[in-house]
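Asker: First the structure, which I've put down as structure tokens, then a few questions once you've had a look.
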Amino acid sequence: MSQGTGTPKVNVLVTNGNLKRQVQVLDGVAGLVGTSVSKIGEIVTVFGYEDAVAKGYTAIGEPCLNKAIQLFYQELGGNQALTILGVEDTMTLTQMVTSTNANGLKKLLNFAQGAITVVGLIRKPGVAYTMVENHFLDKDVEDALLASKTLAQYQQSINKPVRMLIEGRTNDLTADLFEPNTVENGFAGVVIGSDTDDGSGAVALALARAVKYPSYVKLGSGQNGALTILQAYIGDKPLEEFYPEELDAFANAGYIIIHRRDGAAGYYFGRDNMASNDDFRILVNGRIADKAQRVAVATATPLLETTVRVDSDGQINATDAKHLENEMSQQLLSQMAGQISDADVNVPTDVDII
């Protein structure tokens with residue numbers, strides 16, 4: 001059923017017991033790209049904090065990655081796969097997400113072969129690095145938001161969609177506020193605020209919340225309780241020193257922020273904002289669409305290179321197209337029960353598949 005001059009992209013095994021089978025698609029599988037000391041270029045999957053330490057991600061040897069891993073599993077509250085790529089401290093966030101950089105995020109995603117659904121990107125620059133003056137964020141974060149869209153669109157085009165959480169390292173809290181939601185990149189979001197006063201962003205915290213629950217659950221869902229951190233800062237300023245209207249401004253500009261809630265103890269994420277103002281302006285919308293894409297592809301893939309009926313114009317028989325639509329709809333409604341209210345599937349019948 002495939003077309004074009006290339007070779008088929010799928011090997012089909014005919015096995016027994018597959019009628020009406022369930023297509024298993026995981027909602028959340030995490031990846032992490034960050035500054036490393038001794039594991040530059042290595043891709044390692046860990047299944048818990050102790051496992052990570054045993055594999056060399058120690059507080060002394062890998063301070064940046066260790067802190068992120070510890071925070072991730074602290075918030076996760078259990079063991080789950082986390083696949084990590086370490087990069088040198090001279091590699092900027094922008095370089096990490098650039099589609100032509102074979103040593104950045106592209107390397108991790110190619111290794112994962114579509115398994116990773118949400119990835120966090122963090123950086124601890126070397127001492128020689130200097131931020132551009134008069135920017136609320138490190139200018140590198142702004143540039144990374146723009147650069148990441150090309151790689152994300154490519155991943156979507158090959159049916160391996162991924163959403164990105166980028167560390168919003170703050171620079172000058174008094175500078176004009178950069179607005180991520182003007183970038184028109186619904187694949188990426190910027191996390192500002194952390195449990196430390198060093199200007200970092202708690203990407204690992206947001207990443208854990210994303211993969212701990214199903215794709216339709218927002219990062220800030222109050223039903224899941226407060227975050228595990230005991231204090232929160234934006235830049236070097238405690239969260240409690242910000243006026244409500246200042247935090248509202250961050251949220252309205254499109255940042256993923258940490259805040260307090262009236263009548264509730266602890267800290268919570270606000271809206272899971274992404275860098276856009278379209279349908280994918282919040283993370284859950286993108287993750288639900290990504291899951292639907294994965295389910296649809298998993299359902300249709302076994303039909304590649306199989307025999308289908310065509311009409312005189314070389315187009316798929318309308319009855320066979322309708323059958324495929326029904327199969328996809330059934331799988332979507334089954335696998336995403338409680339996450340979507342309906343599924344509208346269209347298999348084009350105007351393509352010459354011969």
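To be explicit about the labels: the chains of the structure tokens are called A, B, and onward in the order shown, and within each one the residues are counted from 1, while ligands get numbers from 1 in the order they are shown.
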Report as a tab-separated table the residues of segment 80-173 of chain A within 8 Å of segment 178-202 of chain A, each with its shortest atom pair and distance in Å (one decimal), using only C-alpha atoms, ordered by chain and increasing residue number.

Answerer:
residue	atom	partner	partner_atom	distance
A:His135	CA	A:Phe178	CA	7.7
A:Phe136	CA	A:Phe178	CA	6.4
A:Leu137	CA	A:Phe178	CA	7.2
A:Glu142	CA	A:Pro180	CA	7.7
A:Leu145	CA	A:Ala188	CA	6.7
A:Leu146	CA	A:Val183	CA	6.8
A:Ser148	CA	A:Ala188	CA	7.3
A:Lys149	CA	A:Asn185	CA	6.0
A:Ala152	CA	A:Phe187	CA	6.4
A:Val162	CA	A:Phe187	CA	7.3
A:Arg163	CA	A:Phe187	CA	5.0
A:Met164	CA	A:Ala188	CA	4.5
A:Leu165	CA	A:Gly189	CA	5.0
A:Ile166	CA	A:Val190	CA	4.9
A:Glu167	CA	A:Gly201	CA	4.9
A:Gly168	CA	A:Ile192	CA	4.9
A:Arg169	CA	A:Ser200	CA	4.7
A:Thr170	CA	A:Gly199	CA	5.1
A:Asn171	CA	A:Gly199	CA	7.1

Asker: Using only C-alpha atoms, tabulate the residues of segment 86-151 of chain A lying at most 10 Å from any atom of segment 32-56 of chain A, each with its closest atom pair and that distance in Å to one decimal, by chain and increasing residue number, as a tab-separated table.

Answerer:
residue	atom	partner	partner_atom	distance
A:Gly86	CA	A:Ile40	CA	4.7
A:Val87	CA	A:Ile40	CA	4.7
A:Glu88	CA	A:Thr35	CA	5.6
A:Asp89	CA	A:Thr35	CA	5.3
A:Thr90	CA	A:Thr35	CA	8.5
A:Met91	CA	A:Thr35	CA	7.9
A:Thr92	CA	A:Thr35	CA	9.2
A:Leu93	CA	A:Gly34	CA	8.8
A:Met96	CA	A:Val33	CA	7.8
A:Val97	CA	A:Val33	CA	9.6
A:Asn103	CA	A:Gly41	CA	6.8
A:Gly104	CA	A:Val33	CA	7.7
A:Leu105	CA	A:Val33	CA	6.7
A:Lys107	CA	A:Ile43	CA	8.8
A:Leu108	CA	A:Ile43	CA	7.0
A:Phe111	CA	A:Ile43	CA	8.1
A:Ala112	CA	A:Ile43	CA	9.7
A:Ile116	CA	A:Leu32	CA	9.7
A:Val118	CA	A:Leu32	CA	8.7
A:Val119	CA	A:Leu32	CA	5.5
A:Gly120	CA	A:Leu32	CA	4.8
A:Leu121	CA	A:Val33	CA	5.0
A:Ile122	CA	A:Gly34	CA	4.8
A:Arg123	CA	A:Thr35	CA	5.2
A:Lys124	CA	A:Thr35	CA	5.8
A:Pro125	CA	A:Thr35	CA	7.6
A:Gly126	CA	A:Thr35	CA	9.4

Asker: Segment 145-338 of chain A: which residues are strand (DSSP E or B) by DSSP, as a ChimeraX atom specification?

Answerer: /A:163-167,170,185,188-191,193-194,201,233-234,237-238,255-256,258-259,268-269,273,275,282,310,315-316,337

Asker: For Ser221 of chain A, find every residue with an atom within 10 Å (counting only C-alpha atoms), except residues of its own chain fewer than 6 positions away, and show them as a list in words.

Answerer: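 The contact residues come out as Arg209, Tyr268, Phe269, Gly270, Arg271 and Asp272 of chain A.
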
Asker: Given the selection you just returned, output its residues as a file containing N, CA and C atoms, formatted as a PDB file, in the first residue's frame.

Answerer:
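Okay, again_9.pdb is ready:
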ATOM      1  N   ARG A 209       6.422  15.089  36.107  1.00  0.00           N
ATOM      2  CA  ARG A 209       4.969  15.240  36.147  1.00  0.00           C
ATOM      3  C   ARG A 209       4.328  14.824  34.814  1.00  0.00           C
ATOM      4  N   TYR A 268       2.832  24.352  43.178  1.00  0.00           N
ATOM      5  CA  TYR A 268       2.188  23.690  42.051  1.00  0.00           C
ATOM      6  C   TYR A 268       2.673  24.309  40.747  1.00  0.00           C
ATOM      7  N   PHE A 269       2.593  23.540  39.672  1.00  0.00           N
ATOM      8  CA  PHE A 269       2.804  24.148  38.366  1.00  0.00           C
ATOM      9  C   PHE A 269       1.549  24.906  37.965  1.00  0.00           C
ATOM     10  N   GLY A 270       1.743  25.969  37.179  1.00  0.00           N
ATOM     11  CA  GLY A 270       0.613  26.675  36.592  1.00  0.00           C
ATOM     12  C   GLY A 270       0.190  25.964  35.314  1.00  0.00           C
ATOM     13  N   ARG A 271      -0.325  26.719  34.352  1.00  0.00           N
ATOM     14  CA  ARG A 271      -0.701  26.131  33.065  1.00  0.00           C
ATOM     15  C   ARG A 271       0.518  25.523  32.394  1.00  0.00           C
ATOM     16  N   ASP A 272       0.324  24.415  31.717  1.00  0.00           N
ATOM     17  CA  ASP A 272       1.457  23.782  31.015  1.00  0.00           C
ATOM     18  C   ASP A 272       1.632  24.442  29.646  1.00  0.00           C
TER      19      ASP A 272
END

Asker: Grab the atom CA of Thr306 of chain A to atom CA of Ala321 of chain A distance for me, in Å with one decimal place.

Answerer: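 Result for atom CA of Thr306 of chain A versus atom CA of Ala321 of chain A: 13.5 Å, one decimal.
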
Asker: Step one, run DSSP on the backbone; step two, keep only residues of segment 118-264 of chain A assigned to helix (DSSP H, G or I); then write them as a PyMOL selection string.

Answerer: chain A and resi 139-157+180-182+203-212+222-224+239-241+244-253

Asker: Could you give me, as a PDB file with N, CA and C atoms, in the first residue's frame, the residues within 12 Å of Tyr73 of chain A, counting only C-alpha atoms and dropping anything in the same chain fewer than 2 positions from it?

Answerer:
ATOM      1  N   ALA A  30      10.281   9.356  29.054  1.00  0.00           N
ATOM      2  CA  ALA A  30      11.093  10.556  29.214  1.00  0.00           C
ATOM      3  C   ALA A  30      12.495  10.412  28.651  1.00  0.00           C
ATOM      4  N   VAL A  46      18.404   4.770  32.512  1.00  0.00           N
ATOM      5  CA  VAL A  46      18.391   4.422  33.932  1.00  0.00           C
ATOM      6  C   VAL A  46      16.949   4.201  34.359  1.00  0.00           C
ATOM      7  N   PHE A  47      16.774   3.513  35.489  1.00  0.00           N
ATOM      8  CA  PHE A  47      15.431   3.145  35.938  1.00  0.00           C
ATOM      9  C   PHE A  47      15.138   3.602  37.365  1.00  0.00           C
ATOM     10  N   GLY A  48      16.008   4.413  37.923  1.00  0.00           N
ATOM     11  CA  GLY A  48      15.825   4.965  39.251  1.00  0.00           C
ATOM     12  C   GLY A  48      17.062   5.748  39.630  1.00  0.00           C
ATOM     13  N   TYR A  49      16.965   6.546  40.718  1.00  0.00           N
ATOM     14  CA  TYR A  49      18.107   7.366  41.099  1.00  0.00           C
ATOM     15  C   TYR A  49      19.310   6.515  41.488  1.00  0.00           C
ATOM     16  N   GLU A  50      19.083   5.475  42.269  1.00  0.00           N
ATOM     17  CA  GLU A  50      20.197   4.610  42.686  1.00  0.00           C
ATOM     18  C   GLU A  50      20.838   3.945  41.475  1.00  0.00           C
ATOM     19  N   ASP A  51      20.012   3.543  40.529  1.00  0.00           N
ATOM     20  CA  ASP A  51      20.537   2.935  39.302  1.00  0.00           C
ATOM     21  C   ASP A  51      21.391   3.935  38.534  1.00  0.00           C
ATOM     22  N   ALA A  52      20.941   5.189  38.499  1.00  0.00           N
ATOM     23  CA  ALA A  52      21.697   6.231  37.801  1.00  0.00           C
ATOM     24  C   ALA A  52      23.059   6.456  38.453  1.00  0.00           C
ATOM     25  N   ASN A  66      23.173  14.770  37.678  1.00  0.00           N
ATOM     26  CA  ASN A  66      22.779  14.133  38.927  1.00  0.00           C
ATOM     27  C   ASN A  66      21.630  14.888  39.592  1.00  0.00           C
ATOM     28  N   LYS A  67      21.750  16.201  39.650  1.00  0.00           N
ATOM     29  CA  LYS A  67      20.694  16.999  40.286  1.00  0.00           C
ATOM     30  C   LYS A  67      19.365  16.824  39.558  1.00  0.00           C
ATOM     31  N   ALA A  68      19.423  16.826  38.228  1.00  0.00           N
ATOM     32  CA  ALA A  68      18.194  16.667  37.448  1.00  0.00           C
ATOM     33  C   ALA A  68      17.592  15.284  37.639  1.00  0.00           C
ATOM     34  N   ILE A  69      18.429  14.275  37.628  1.00  0.00           N
ATOM     35  CA  ILE A  69      17.947  12.897  37.797  1.00  0.00           C
ATOM     36  C   ILE A  69      17.327  12.708  39.181  1.00  0.00           C
ATOM     37  N   GLN A  70      17.993  13.259  40.197  1.00  0.00           N
ATOM     38  CA  GLN A  70      17.471  13.135  41.554  1.00  0.00           C
ATOM     39  C   GLN A  70      16.107  13.807  41.676  1.00  0.00           C
ATOM     40  N   LEU A  71      15.974  14.998  41.108  1.00  0.00           N
ATOM     41  CA  LEU A  71      14.710  15.729  41.163  1.00  0.00           C
ATOM     42  C   LEU A  71      13.623  14.991  40.385  1.00  0.00           C
ATOM     43  N   GLU A  75      10.262  13.460  42.284  1.00  0.00           N
ATOM     44  CA  GLU A  75       8.906  13.851  41.917  1.00  0.00           C
ATOM     45  C   GLU A  75       8.114  12.675  41.371  1.00  0.00           C
ATOM     46  N   LEU A  76       8.781  11.788  40.653  1.00  0.00           N
ATOM     47  CA  LEU A  76       8.109  10.628  40.079  1.00  0.00           C
ATOM     48  C   LEU A  76       7.603   9.694  41.168  1.00  0.00           C
ATOM     49  N   GLY A  77       8.390   9.547  42.229  1.00  0.00           N
ATOM     50  CA  GLY A  77       7.982   8.696  43.331  1.00  0.00           C
ATOM     51  C   GLY A  77       8.005   7.216  43.004  1.00  0.00           C
ATOM     52  N   GLY A  78       8.841   6.830  42.083  1.00  0.00           N
ATOM     53  CA  GLY A  78       8.940   5.423  41.699  1.00  0.00           C
ATOM     54  C   GLY A  78      10.006   5.236  40.653  1.00  0.00           C
ATOM     55  N   ASN A  79      10.082   4.047  40.106  1.00  0.00           N
ATOM     56  CA  ASN A  79      11.084   3.737  39.098  1.00  0.00           C
ATOM     57  C   ASN A  79      10.454   3.708  37.714  1.00  0.00           C
ATOM     58  N   GLN A  80      11.112   4.353  36.784  1.00  0.00           N
ATOM     59  CA  GLN A  80      10.645   4.411  35.403  1.00  0.00           C
ATOM     60  C   GLN A  80      11.843   4.735  34.523  1.00  0.00           C
ATOM     61  N   ALA A  81      11.787   4.326  33.282  1.00  0.00           N
ATOM     62  CA  ALA A  81      12.916   4.545  32.379  1.00  0.00           C
ATOM     63  C   ALA A  81      13.132   6.028  32.087  1.00  0.00           C
ATOM     64  N   LEU A  82      14.374   6.444  32.127  1.00  0.00           N
ATOM     65  CA  LEU A  82      14.801   7.784  31.735  1.00  0.00           C
ATOM     66  C   LEU A  82      16.055   7.608  30.897  1.00  0.00           C
ATOM     67  N   ALA A 204      13.405  18.989  35.113  1.00  0.00           N
ATOM     68  CA  ALA A 204      13.253  17.608  35.571  1.00  0.00           C
ATOM     69  C   ALA A 204      11.962  17.419  36.350  1.00  0.00           C
ATOM     70  N   LEU A 205      11.559  18.435  37.075  1.00  0.00           N
ATOM     71  CA  LEU A 205      10.327  18.395  37.844  1.00  0.00           C
ATOM     72  C   LEU A 205       9.122  18.308  36.900  1.00  0.00           C
ATOM     73  N   ALA A 206       9.122  19.153  35.877  1.00  0.00           N
ATOM     74  CA  ALA A 206       8.025  19.144  34.894  1.00  0.00           C
ATOM     75  C   ALA A 206       8.028  17.852  34.079  1.00  0.00           C
ATOM     76  N   LEU A 207       9.213  17.361  33.750  1.00  0.00           N
ATOM     77  CA  LEU A 207       9.336  16.124  32.984  1.00  0.00           C
ATOM     78  C   LEU A 207       8.740  14.949  33.763  1.00  0.00           C
ATOM     79  N   ALA A 208       9.019  14.893  35.056  1.00  0.00           N
ATOM     80  CA  ALA A 208       8.475  13.820  35.888  1.00  0.00           C
ATOM     81  C   ALA A 208       6.960  13.884  35.944  1.00  0.00           C
ATOM     82  N   ARG A 209       6.422  15.089  36.107  1.00  0.00           N
ATOM     83  CA  ARG A 209       4.969  15.240  36.147  1.00  0.00           C
ATOM     84  C   ARG A 209       4.328  14.824  34.814  1.00  0.00           C
ATOM     85  N   VAL A 211       5.347  12.525  32.618  1.00  0.00           N
ATOM     86  CA  VAL A 211       5.340  11.087  32.319  1.00  0.00           C
ATOM     87  C   VAL A 211       4.736  10.252  33.444  1.00  0.00           C
ATOM     88  N   LYS A 212       4.489  10.860  34.582  1.00  0.00           N
ATOM     89  CA  LYS A 212       3.924  10.122  35.713  1.00  0.00           C
ATOM     90  C   LYS A 212       2.451   9.818  35.494  1.00  0.00           C
ATOM     91  N   THR A 228       7.036  18.117  45.141  1.00  0.00           N
ATOM     92  CA  THR A 228       7.836  17.608  46.262  1.00  0.00           C
ATOM     93  C   THR A 228       8.897  18.589  46.753  1.00  0.00           C
TER      94      THR A 228
END
